[in-house]
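Note: the block below is input_7.tsv and it holds TSV, C-alpha atoms.
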chain	number	residue	atom	x	y	z
A	14	MET	CA	-115.78	21.95	-25.00
A	15	VAL	CA	-119.28	23.30	-24.58
A	16	PHE	CA	-121.59	23.56	-27.54
A	17	GLU	CA	-123.50	26.81	-27.31
A	18	LYS	CA	-125.76	26.20	-30.25
A	19	TYR	CA	-126.67	22.96	-31.92
A	20	ILE	CA	-129.22	21.59	-34.34
A	21	LEU	CA	-131.73	19.33	-32.64
A	22	ALA	CA	-133.83	18.36	-35.63
A	23	VAL	CA	-134.33	19.03	-39.32
A	24	ILE	CA	-137.77	19.21	-40.91
A	25	THR	CA	-138.10	19.20	-44.67
A	26	THR	CA	-140.40	18.60	-47.60
A	27	ASN	CA	-137.49	17.89	-49.92
A	28	PRO	CA	-135.66	14.68	-48.88
A	29	SER	CA	-132.88	15.23	-51.42
A	30	LYS	CA	-131.67	18.38	-49.63
A	31	VAL	CA	-131.33	16.83	-46.21
A	32	PRO	CA	-127.97	16.34	-44.48
A	33	SER	CA	-127.14	13.29	-42.47
A	34	GLY	CA	-126.18	13.40	-38.82
A	35	ALA	CA	-129.31	14.97	-37.41
A	36	ALA	CA	-132.81	13.78	-36.65
A	37	VAL	CA	-134.69	14.38	-39.89
A	38	PHE	CA	-138.45	14.60	-40.29
A	39	HIS	CA	-139.81	14.24	-43.81
A	40	CYS	CA	-143.08	15.98	-44.50
A	41	GLU	CA	-145.53	15.91	-47.36
A	42	ASP	CA	-146.13	19.62	-47.70
A	43	LYS	CA	-145.41	23.01	-46.12
A	44	LYS	CA	-148.45	22.84	-43.86
A	45	GLU	CA	-147.38	19.55	-42.33
A	46	MET	CA	-143.85	20.86	-42.00
A	47	GLU	CA	-145.08	23.86	-39.99
A	48	ILE	CA	-147.15	21.66	-37.69
A	49	VAL	CA	-144.21	19.34	-37.04
A	50	ALA	CA	-141.88	22.29	-36.50
A	51	THR	CA	-144.30	23.92	-34.03
A	52	ASN	CA	-144.58	20.74	-32.02
A	53	LEU	CA	-140.87	20.08	-32.06
A	54	GLU	CA	-140.17	23.64	-31.02
A	55	ALA	CA	-142.38	23.21	-27.98
A	56	ILE	CA	-141.03	19.77	-27.13
A	57	LEU	CA	-137.35	20.50	-27.57
A	58	ASP	CA	-137.28	24.06	-26.15
A	59	GLY	CA	-135.50	25.20	-29.26
A	60	ILE	CA	-136.26	27.78	-31.91
A	61	ALA	CA	-137.60	26.82	-35.35
A	62	HIS	CA	-135.56	28.67	-37.96
A	63	ALA	CA	-136.43	28.73	-41.63
A	64	LEU	CA	-133.42	28.14	-43.86
A	65	THR	CA	-135.39	27.93	-47.07
A	66	GLU	CA	-139.03	27.44	-47.99
A	67	GLU	CA	-138.63	23.68	-47.76
A	68	LEU	CA	-136.15	23.36	-44.89
A	69	TYR	CA	-136.59	24.18	-41.19
A	70	VAL	CA	-134.14	23.46	-38.40
A	71	ILE	CA	-134.74	23.42	-34.66
A	72	VAL	CA	-131.80	25.02	-32.91
A	73	LYS	CA	-130.99	25.04	-29.22
A	74	HIS	CA	-129.54	28.42	-28.18
B	20	MET	CA	-121.85	59.98	30.16
B	21	SER	CA	-118.87	61.59	28.55
B	22	GLU	CA	-118.77	64.77	26.53
B	23	TYR	CA	-118.80	62.62	23.42
B	24	THR	CA	-121.99	60.71	24.10
B	25	TYR	CA	-124.39	63.09	22.35
B	26	PRO	CA	-122.17	63.80	19.36
B	27	ILE	CA	-121.67	60.05	18.85
B	28	LEU	CA	-125.38	59.34	19.15
B	29	PHE	CA	-126.08	62.18	16.76
B	30	GLY	CA	-123.55	60.87	14.23
B	31	LEU	CA	-125.01	57.36	14.51
B	32	ALA	CA	-128.52	58.64	13.92
B	33	ALA	CA	-127.46	60.82	10.98
B	34	GLY	CA	-125.58	57.94	9.34
B	35	THR	CA	-128.34	55.39	9.83
B	36	LEU	CA	-130.98	57.78	8.53
B	37	THR	CA	-128.86	58.43	5.45
B	38	ARG	CA	-128.73	54.68	4.81
B	39	VAL	CA	-132.50	54.40	5.21
B	40	TYR	CA	-132.96	57.33	2.87
B	41	MET	CA	-130.73	55.72	0.24
B	42	LEU	CA	-132.46	52.35	0.60
B	43	ARG	CA	-135.43	52.85	-1.62
B	44	THR	CA	-137.31	50.11	-3.35
B	45	ASP	CA	-137.36	51.47	-6.85
B	46	TYR	CA	-137.58	50.19	-10.38
B	47	ARG	CA	-134.66	47.88	-9.71
B	48	GLN	CA	-137.10	45.89	-7.55
B	49	TYR	CA	-134.49	45.31	-4.94
B	50	PRO	CA	-134.37	44.91	-2.00
B	51	THR	CA	-138.07	44.34	-1.68
B	52	TYR	CA	-138.63	42.55	1.60
B	53	LEU	CA	-138.15	43.54	5.17
B	54	HIS	CA	-135.38	41.03	5.79
B	55	GLY	CA	-133.27	42.39	2.97
B	56	LYS	CA	-133.82	45.89	4.26
B	57	ILE	CA	-132.97	44.97	7.85
B	58	ILE	CA	-129.60	43.60	6.72
B	59	HIS	CA	-128.75	46.85	5.00
B	60	VAL	CA	-130.01	49.12	7.76
B	61	ALA	CA	-128.01	47.08	10.29
B	62	LEU	CA	-124.87	47.32	8.17
B	63	GLY	CA	-125.56	51.03	7.74
B	64	PHE	CA	-125.72	51.36	11.52
B	65	ILE	CA	-122.33	49.66	11.84
B	66	ALA	CA	-120.91	51.94	9.17
B	67	ALA	CA	-122.31	54.96	10.99
B	68	GLY	CA	-120.66	53.75	14.18
B	69	LEU	CA	-117.30	53.43	12.47
B	70	GLY	CA	-117.51	56.90	10.97
B	71	THR	CA	-118.74	58.61	14.06
B	72	VAL	CA	-116.17	57.36	16.59
B	73	ALA	CA	-113.29	58.42	14.37
B	74	ILE	CA	-113.66	62.07	15.45
B	75	PRO	CA	-113.50	61.50	19.24
B	76	SER	CA	-110.49	59.23	18.67
B	77	ILE	CA	-108.68	62.02	16.87
B	78	MET	CA	-109.62	64.52	19.54
B	79	GLU	CA	-108.35	62.24	22.28
B	80	GLU	CA	-105.14	61.82	20.28
B	81	GLU	CA	-105.73	58.09	19.99
B	82	PHE	CA	-104.48	58.03	16.44
B	83	THR	CA	-103.95	54.30	16.27
B	84	ALA	CA	-107.66	53.86	16.89
B	85	ILE	CA	-108.25	55.21	13.37
B	86	THR	CA	-106.85	51.97	11.99
B	87	PHE	CA	-110.19	50.32	12.72
B	88	LEU	CA	-111.46	52.11	9.65
B	89	THR	CA	-109.55	49.51	7.67
B	90	LEU	CA	-112.01	47.05	9.16
B	91	ALA	CA	-114.72	48.97	7.40
B	92	ALA	CA	-113.10	48.41	4.05
B	93	SER	CA	-113.01	44.63	4.37
B	94	GLN	CA	-116.43	44.56	6.03
B	95	PHE	CA	-118.11	46.38	3.17
B	96	ARG	CA	-116.30	44.52	0.48
B	97	GLU	CA	-118.16	41.56	1.93
B	98	VAL	CA	-121.41	43.44	1.38
B	99	ARG	CA	-120.55	43.71	-2.28
B	100	ASN	CA	-119.80	39.98	-2.49
B	101	MET	CA	-123.02	39.15	-0.70
B	102	GLU	CA	-125.10	41.24	-3.08
B	103	ARG	CA	-123.31	39.91	-6.12
B	104	ASN	CA	-123.77	36.29	-5.05
B	105	THR	CA	-127.44	36.69	-4.18
B	106	LEU	CA	-128.34	38.49	-7.39
B	107	THR	CA	-126.31	36.11	-9.57
B	108	GLU	CA	-128.07	33.13	-8.00
B	109	LEU	CA	-131.46	34.67	-8.59
B	110	ASP	CA	-130.67	35.85	-12.10
B	111	SER	CA	-130.97	32.40	-13.64
B	112	TYR	CA	-134.63	32.30	-12.62
B	113	GLU	CA	-135.53	35.61	-14.21
B	114	LEU	CA	-137.45	35.46	-17.48
B	115	VAL	CA	-135.24	38.26	-18.75
B	116	SER	CA	-132.01	38.23	-16.79
B	117	ARG	CA	-130.32	41.33	-15.39
B	118	GLY	CA	-126.93	40.36	-16.69
B	119	LYS	CA	-123.61	40.36	-14.85
B	120	THR	CA	-122.75	43.99	-15.60
B	121	TYR	CA	-125.99	45.26	-14.09
B	122	ILE	CA	-125.55	43.04	-11.04
B	123	GLU	CA	-122.02	44.27	-10.53
B	124	GLY	CA	-123.29	47.85	-10.77
B	125	ILE	CA	-125.91	47.21	-8.09
B	126	ALA	CA	-123.34	45.45	-5.86
B	127	ILE	CA	-120.92	48.38	-6.18
B	128	ALA	CA	-123.72	50.79	-5.28
B	129	PHE	CA	-124.46	48.82	-2.11
B	130	GLU	CA	-120.83	48.92	-1.06
B	131	SER	CA	-120.30	52.57	-1.83
B	132	ARG	CA	-123.45	53.63	0.00
B	133	ASN	CA	-121.94	52.31	3.21
B	134	TYR	CA	-118.90	54.52	2.65
B	135	LEU	CA	-121.22	57.46	2.12
B	136	VAL	CA	-122.80	56.61	5.47
B	137	ILE	CA	-119.34	56.65	7.11
B	138	PHE	CA	-118.71	60.03	5.52
B	139	THR	CA	-122.05	61.43	6.73
B	140	SER	CA	-121.51	60.25	10.30
B	141	PHE	CA	-117.96	61.54	10.26
B	142	VAL	CA	-118.85	65.09	9.24
B	143	SER	CA	-121.98	65.16	11.44
B	144	THR	CA	-120.01	64.33	14.57
B	145	LEU	CA	-117.29	66.72	13.52
B	146	GLY	CA	-119.85	69.51	13.06
B	147	TYR	CA	-121.40	68.79	16.44
B	148	LEU	CA	-118.07	68.76	18.28
B	149	LEU	CA	-116.59	71.81	16.57
B	150	PHE	CA	-119.70	73.98	16.85
B	151	ASN	CA	-122.93	72.71	18.41
B	152	ILE	CA	-125.91	70.55	17.49
B	153	TRP	CA	-126.96	73.03	14.78
B	154	GLY	CA	-123.53	72.81	13.29
B	155	GLY	CA	-123.97	69.04	13.37
B	156	ILE	CA	-127.35	69.20	11.66
B	157	ALA	CA	-126.02	71.54	8.98
B	158	ALA	CA	-123.06	69.23	8.35
B	159	ALA	CA	-125.39	66.19	8.19
B	160	LEU	CA	-127.69	67.86	5.68
B	161	LEU	CA	-124.76	68.94	3.55
B	162	ALA	CA	-123.36	65.41	3.65
B	163	ILE	CA	-126.73	63.93	2.65
B	164	VAL	CA	-126.96	66.31	-0.31
B	165	ILE	CA	-123.42	65.38	-1.37
B	166	SER	CA	-124.23	61.67	-0.94
B	167	LYS	CA	-127.29	62.01	-3.10
B	168	GLY	CA	-125.26	63.76	-5.77
B	169	LEU	CA	-122.61	61.06	-5.71
B	170	MET	CA	-125.22	58.31	-5.72
B	171	ALA	CA	-127.03	59.42	-8.85
B	172	GLY	CA	-125.63	58.03	-12.06
B	173	GLY	CA	-126.16	58.92	-15.68
B	174	LYS	CA	-129.23	57.97	-17.65
B	175	LEU	CA	-129.39	56.53	-21.11
B	176	LYS	CA	-131.13	59.63	-22.49
B	177	ASP	CA	-127.93	61.59	-21.83
B	178	ILE	CA	-126.05	59.56	-24.41
B	179	VAL	CA	-128.62	58.29	-26.92
B	180	ASP	CA	-131.75	59.34	-28.81
B	181	VAL	CA	-134.49	56.72	-28.53
B	182	GLU	CA	-136.97	56.21	-31.33
B	183	PHE	CA	-139.90	53.80	-31.66
B	184	MET	CA	-139.87	51.55	-34.71
B	185	GLU	CA	-142.38	48.84	-35.59
B	186	PRO	CA	-140.57	45.51	-36.01
B	187	ARG	CA	-141.04	43.78	-39.38
B	188	PHE	CA	-140.27	40.52	-41.13
B	189	ASP	CA	-138.21	40.10	-44.24
B	190	GLY	CA	-138.70	36.43	-45.07
B	191	ALA	CA	-137.96	34.64	-41.82
B	192	GLY	CA	-135.67	37.40	-40.56
B	193	LEU	CA	-136.98	39.78	-37.92
B	194	TYR	CA	-135.80	43.37	-38.34
B	195	VAL	CA	-136.03	46.58	-36.35
B	196	ASP	CA	-135.41	49.30	-38.91
B	197	ASN	CA	-132.51	47.81	-40.89
B	198	ILE	CA	-131.03	45.91	-37.95
B	199	TYR	CA	-131.34	42.14	-38.11
B	200	ILE	CA	-132.57	40.68	-34.84
B	201	MET	CA	-133.21	36.95	-35.33
B	202	ASN	CA	-134.64	34.24	-37.59
B	203	ILE	CA	-138.12	33.03	-36.71
B	204	GLY	CA	-139.36	30.24	-38.97
B	205	LEU	CA	-142.92	29.52	-37.97
B	206	PRO	CA	-145.61	31.83	-39.41
B	207	GLU	CA	-147.63	31.38	-36.25
B	208	ARG	CA	-144.71	32.54	-34.12
B	209	GLN	CA	-144.08	35.45	-36.50
B	210	GLU	CA	-147.62	36.69	-36.03
B	211	GLU	CA	-147.23	36.51	-32.29
B	212	VAL	CA	-143.97	38.44	-32.45
B	213	LEU	CA	-145.53	41.17	-34.59
B	214	ARG	CA	-148.59	41.39	-32.36
B	215	TYR	CA	-146.67	41.78	-29.10
B	216	GLY	CA	-143.27	42.98	-30.20
B	217	MET	CA	-142.00	46.52	-30.06
B	218	GLY	CA	-138.84	47.84	-31.64
B	219	PHE	CA	-136.67	50.77	-30.61
B	220	ILE	CA	-133.64	52.33	-32.18
B	221	LEU	CA	-131.00	53.83	-29.92
B	222	LYS	CA	-128.97	56.38	-31.79
B	223	PRO	CA	-125.72	57.29	-30.01
B	224	LYS	CA	-125.13	61.02	-29.58
B	225	ASN	CA	-121.37	60.77	-29.82
B	226	PHE	CA	-118.50	58.36	-30.35
B	227	ASN	CA	-118.15	57.48	-26.65
B	228	ALA	CA	-121.84	56.61	-26.42
B	229	ARG	CA	-121.43	54.28	-29.37
B	230	SER	CA	-119.04	52.06	-27.41
B	231	THR	CA	-121.09	52.28	-24.23
B	232	ILE	CA	-124.32	51.03	-25.76
B	233	ALA	CA	-122.42	48.35	-27.66
B	234	ASN	CA	-121.63	46.74	-24.31
B	235	LEU	CA	-123.63	43.53	-23.96
B	236	GLY	CA	-124.25	44.15	-20.27
B	237	GLN	CA	-125.69	47.58	-20.99
B	238	ARG	CA	-128.00	46.12	-23.63
B	239	GLN	CA	-129.16	43.38	-21.27
B	240	ALA	CA	-129.88	46.03	-18.62
B	241	ILE	CA	-132.16	47.83	-21.09
B	242	LEU	CA	-134.04	44.62	-21.88
B	243	HIS	CA	-134.36	43.77	-18.20
B	244	ASP	CA	-135.64	47.20	-17.20
B	245	VAL	CA	-138.24	47.29	-19.96
B	246	SER	CA	-139.36	43.76	-19.13
B	247	THR	CA	-139.75	44.41	-15.39
B	248	ALA	CA	-141.66	47.63	-15.97
B	249	LEU	CA	-143.96	46.54	-18.81
B	250	GLY	CA	-144.10	42.81	-18.22
B	251	VAL	CA	-142.87	40.24	-20.71
B	252	TYR	CA	-144.69	38.01	-23.18
B	253	ARG	CA	-142.61	34.94	-22.59
B	254	ASP	CA	-142.36	31.75	-20.59
B	255	SER	CA	-139.79	29.06	-19.98
B	256	GLY	CA	-139.72	26.78	-23.00
B	257	THR	CA	-140.46	29.55	-25.51
B	258	PRO	CA	-136.95	30.52	-26.59
B	259	ALA	CA	-138.28	32.14	-29.77
B	260	LEU	CA	-140.00	34.84	-27.71
B	261	VAL	CA	-136.90	36.48	-26.40
B	262	PRO	CA	-136.18	40.20	-26.16
B	263	LEU	CA	-132.94	41.02	-27.95
B	264	ALA	CA	-130.76	44.02	-28.71
B	265	LYS	CA	-128.55	43.98	-31.77
B	266	ARG	CA	-126.13	46.46	-33.20
B	267	ASP	CA	-125.76	48.10	-36.56
B	268	LEU	CA	-122.08	47.63	-37.29
B	269	ASP	CA	-121.95	50.58	-39.66
B	270	ASP	CA	-123.02	53.42	-37.42
B	271	GLY	CA	-123.23	51.90	-33.92
B	272	ARG	CA	-126.99	52.26	-33.56
B	273	VAL	CA	-128.62	49.58	-31.42
B	274	GLY	CA	-131.93	47.97	-32.33
B	275	VAL	CA	-133.88	46.87	-29.26
B	276	PHE	CA	-136.62	44.30	-29.68
B	277	VAL	CA	-138.88	43.66	-26.68
B	278	LEU	CA	-142.08	41.72	-26.05
B	279	PRO	CA	-143.95	43.64	-23.37
B	280	GLN	CA	-147.24	42.54	-21.87
B	281	GLU	CA	-148.41	46.12	-22.07
B	282	LYS	CA	-147.82	47.72	-25.46
B	283	ASN	CA	-147.44	51.34	-24.44
B	284	VAL	CA	-145.01	53.25	-26.63
B	285	GLU	CA	-144.85	56.42	-24.52
B	286	LYS	CA	-144.15	54.53	-21.34
B	287	ALA	CA	-141.60	52.27	-22.98
B	288	LEU	CA	-139.70	55.26	-24.38
B	289	LYS	CA	-139.57	56.85	-20.94
B	290	ILE	CA	-138.34	53.61	-19.39
B	291	ILE	CA	-135.58	53.13	-21.92
B	292	GLU	CA	-134.47	56.73	-21.51
B	293	ALA	CA	-134.29	56.26	-17.75
B	294	VAL	CA	-132.16	53.10	-17.87
B	295	PRO	CA	-128.97	53.83	-15.95
B	296	THR	CA	-125.74	53.92	-17.93
B	297	LEU	CA	-123.84	51.20	-16.17
B	298	GLU	CA	-120.58	52.27	-14.64
B	299	ASN	CA	-118.87	49.17	-15.97
B	300	ALA	CA	-120.16	49.71	-19.49
B	301	ILE	CA	-119.07	53.31	-19.92
B	302	ARG	CA	-116.28	53.63	-22.46
B	303	MET	CA	-114.49	56.80	-23.42
B	304	PRO	CA	-112.38	56.14	-26.47
B	305	THR	CA	-111.99	59.87	-27.05
B	306	GLU	CA	-110.12	60.14	-23.74
B	307	ARG	CA	-107.33	58.09	-25.21
B	308	GLN	CA	-104.59	60.45	-26.31
B	309	THR	CA	-103.19	59.45	-29.67
B	310	SER	CA	-100.60	62.19	-29.66
B	311	GLY	CA	-98.42	63.52	-26.87
B	312	LYS	CA	-97.85	61.88	-23.53
B	313	GLY	CA	-100.65	59.34	-23.58
B	314	SER	CA	-99.43	57.56	-26.65
B	315	GLN	CA	-95.92	56.96	-25.33

For this file, produce the structure as structure tokens.
Amino acid sequence: MVFEKYILAVITTNPSKVPSGAAVFHCEDKKEMEIVATNLEAILDGIAHALTEELYVIVKH
Amino acid sequence: MSEYTYPILFGLAAGTLTRVYMLRTDYRQYPTYLHGKIIHVALGFIAAGLGTVAIPSIMEEEFTAITFLTLAASQFREVRNMERNTLTELDSYELVSRGKTYIEGIAIAFESRNYLVIFTSFVSTLGYLLFNIWGGIAAALLAIVISKGLMAGGKLKDIVDVEFMEPRFDGAGLYVDNIYIMNIGLPERQEEVLRYGMGFILKPKNFNARSTIANLGQRQAILHDVSTALGVYRDSGTPALVPLAKRDLDDGRVGVFVLPQEKNVEKALKIIEAVPTLENAIRMPTERQTSGKGSQ
């Protein structure tokens, strides 16, 4: 089976909302979260999607 | 020299010239280089030879000789395979790929053009032998006109109305009109997308067009054509900057989102309107009979 899309990383400012099973990055505030997401997007060749204000995921398409 | 020498040479020349005429480097950007062209001119020459010698064989009552035309069929099917393989290999290195449907369309065109060459040579030689060289020239010109007519396909503007629409964000969702395109999380990326992005709405003119533009291959062809003509703001490793075309499920409109290097609305509209309707994407649901013979 080939996975077409998968979550590479999760970036959040709210540790209580975070699922297990993925690489999770905890951030202090939204600004830090955006910086981390930008870097991860470039590093992982994925797209940073915003799920909510405090939760971003990097997805490989 | 036999009585057939000049007619055969004439047919060969007419066929080969037709192939050269049909081998234009156009917006499809292919074939671009001399080597690619030489292959096709050489194959066109062979096709011309096959078409042209058929007439003398008939006149000499060598009917079995006509069977060599079957060779042509297998020979030119190879041409189609060759084109398909080359373009598929190259497609993975395109920033915005052509897509399999477009490639298949181009490959079919290459094959069928060789048959048009056979046809041209055939009627040219026939004209020459039945009348004289002027008869041959008239037949050749007529065949070229017919070939050109058969070669031209439909354009997108025949089946859809194209309208420019500024893309916008609703939260993290990117929209063209009311059609959702994708989710872009980073504000920085969103700004980039709004600065470079252009949105277009394709409104189908009828029910058949609705199915045709829904085809994923047809949509990819639109994105590819716009991106080759206007450039693309994208690089490897920036998957967020990707041109996309999505469909409104309610009324079959398609929202096209592109990231051209040159933001020229007029030009982009013209390019989208001139995108060929791919033979393999055309659907005609209204041709399906729901009453009478067809439904049985």

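Counting from CA of Ala63 in chain A, the distance to CA of Ser33 in chain A is 18.0 Å.
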
Quick one: which residues from chain A are at most 8 Å off chain B, using all atoms listed in the file, as a short mmCIF file (atom, residue, chain, number, x, y, z; two decimals) with C-alpha atoms, in the frame of the given file?
data_model
loop_
_atom_site.label_atom_id
_atom_site.label_comp_id
_atom_site.auth_asym_id
_atom_site.auth_seq_id
_atom_site.Cartn_x
_atom_site.Cartn_y
_atom_site.Cartn_z
CA GLU A 47 -145.08 23.86 -39.99
CA ALA A 50 -141.88 22.29 -36.50
CA THR A 51 -144.30 23.92 -34.03
CA ALA A 55 -142.38 23.21 -27.98
CA ASP A 58 -137.28 24.06 -26.15
CA GLY A 59 -135.50 25.20 -29.26
CA ILE A 60 -136.26 27.78 -31.91
CA ALA A 61 -137.60 26.82 -35.35
CA HIS A 62 -135.56 28.67 -37.96
CA ALA A 63 -136.43 28.73 -41.63
CA LEU A 64 -133.42 28.14 -43.86
CA TYR A 69 -136.59 24.18 -41.19
CA HIS A 74 -129.54 28.42 -28.18
#

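Minimum distance to Lys43 in chain A across A:Ala22, A:Pro28, A:Leu57, A:Glu67 (counting all atoms listed in the file) occurs at A:Glu67.
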
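Picture a line from CA of Ile48 in chain A to CA of Val195 in chain B; it runs 27.3 Å.
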
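Here CA of Arg302 in chain B is placed at a distance of 6.0 Å from CA of Asn227 in chain B.
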
Exercise for the section: Write out as JSON, numbers by chain which residues come within 9 Å of Val23 in chain A when counting all atoms listed in the file, dropping same-chain ones fewer than 6 positions away. Expected result: {"A": [31, 32, 35, 36, 37, 38, 39, 50, 68, 69, 70, 71]}

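Checking B:Gly236, B:Arg229, B:Glu97, B:Asn299 one by one against Lys119 in chain B, counting only C-alpha atoms, you find the shortest gap at B:Gly236.
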
Practice task
Would you kindly return, as a PyMOL selection string, each protein, DNA or RNA residue with an atom no farther than 10 Å from any atom of Tyr199 in chain B, considering only C-alpha atoms and excluding same-chain residues fewer than 2 positions away?
Solution key: chain B and resi 187-189+192-197+201-202+264-267+274

Exercise for the section: For Phe219 in chain B, work out the shell of residues within 7 Å, counting only C-alpha atoms and skipping chain neighbours fewer than 3 positions away, then give it as a PyMOL selection string. Expected result: chain B and resi 181-184+274-276

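Each of A:Lys18, A:Gly34, A:Val49, A:Asn27 was checked against Lys73 in chain A using all atoms listed in the file; the smallest atom-to-atom distance is that of A:Lys18.
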
Expected axis-aligned box over every listed atom of range 168-177 of chain B, 3 Å added per side, centre plus edges in Å to one decimal, as AutoDock Vina command-line options:
--center_x -126.9 --center_y 60.1 --center_z -14.1 --size_x 14.5 --size_y 13.2 --size_z 22.8

Practice task
Place a sphere of radius 12 Å on (-131.1, 60.2, 4.0) in the file coordinates and name every protein, DNA or RNA residue with an atom inside or on its surface, counting all atoms listed in the file; give the answer as a PyMOL selection string.
Solution key: chain B and resi 32-43+60+63+132+135-136+139-140+159-168+170
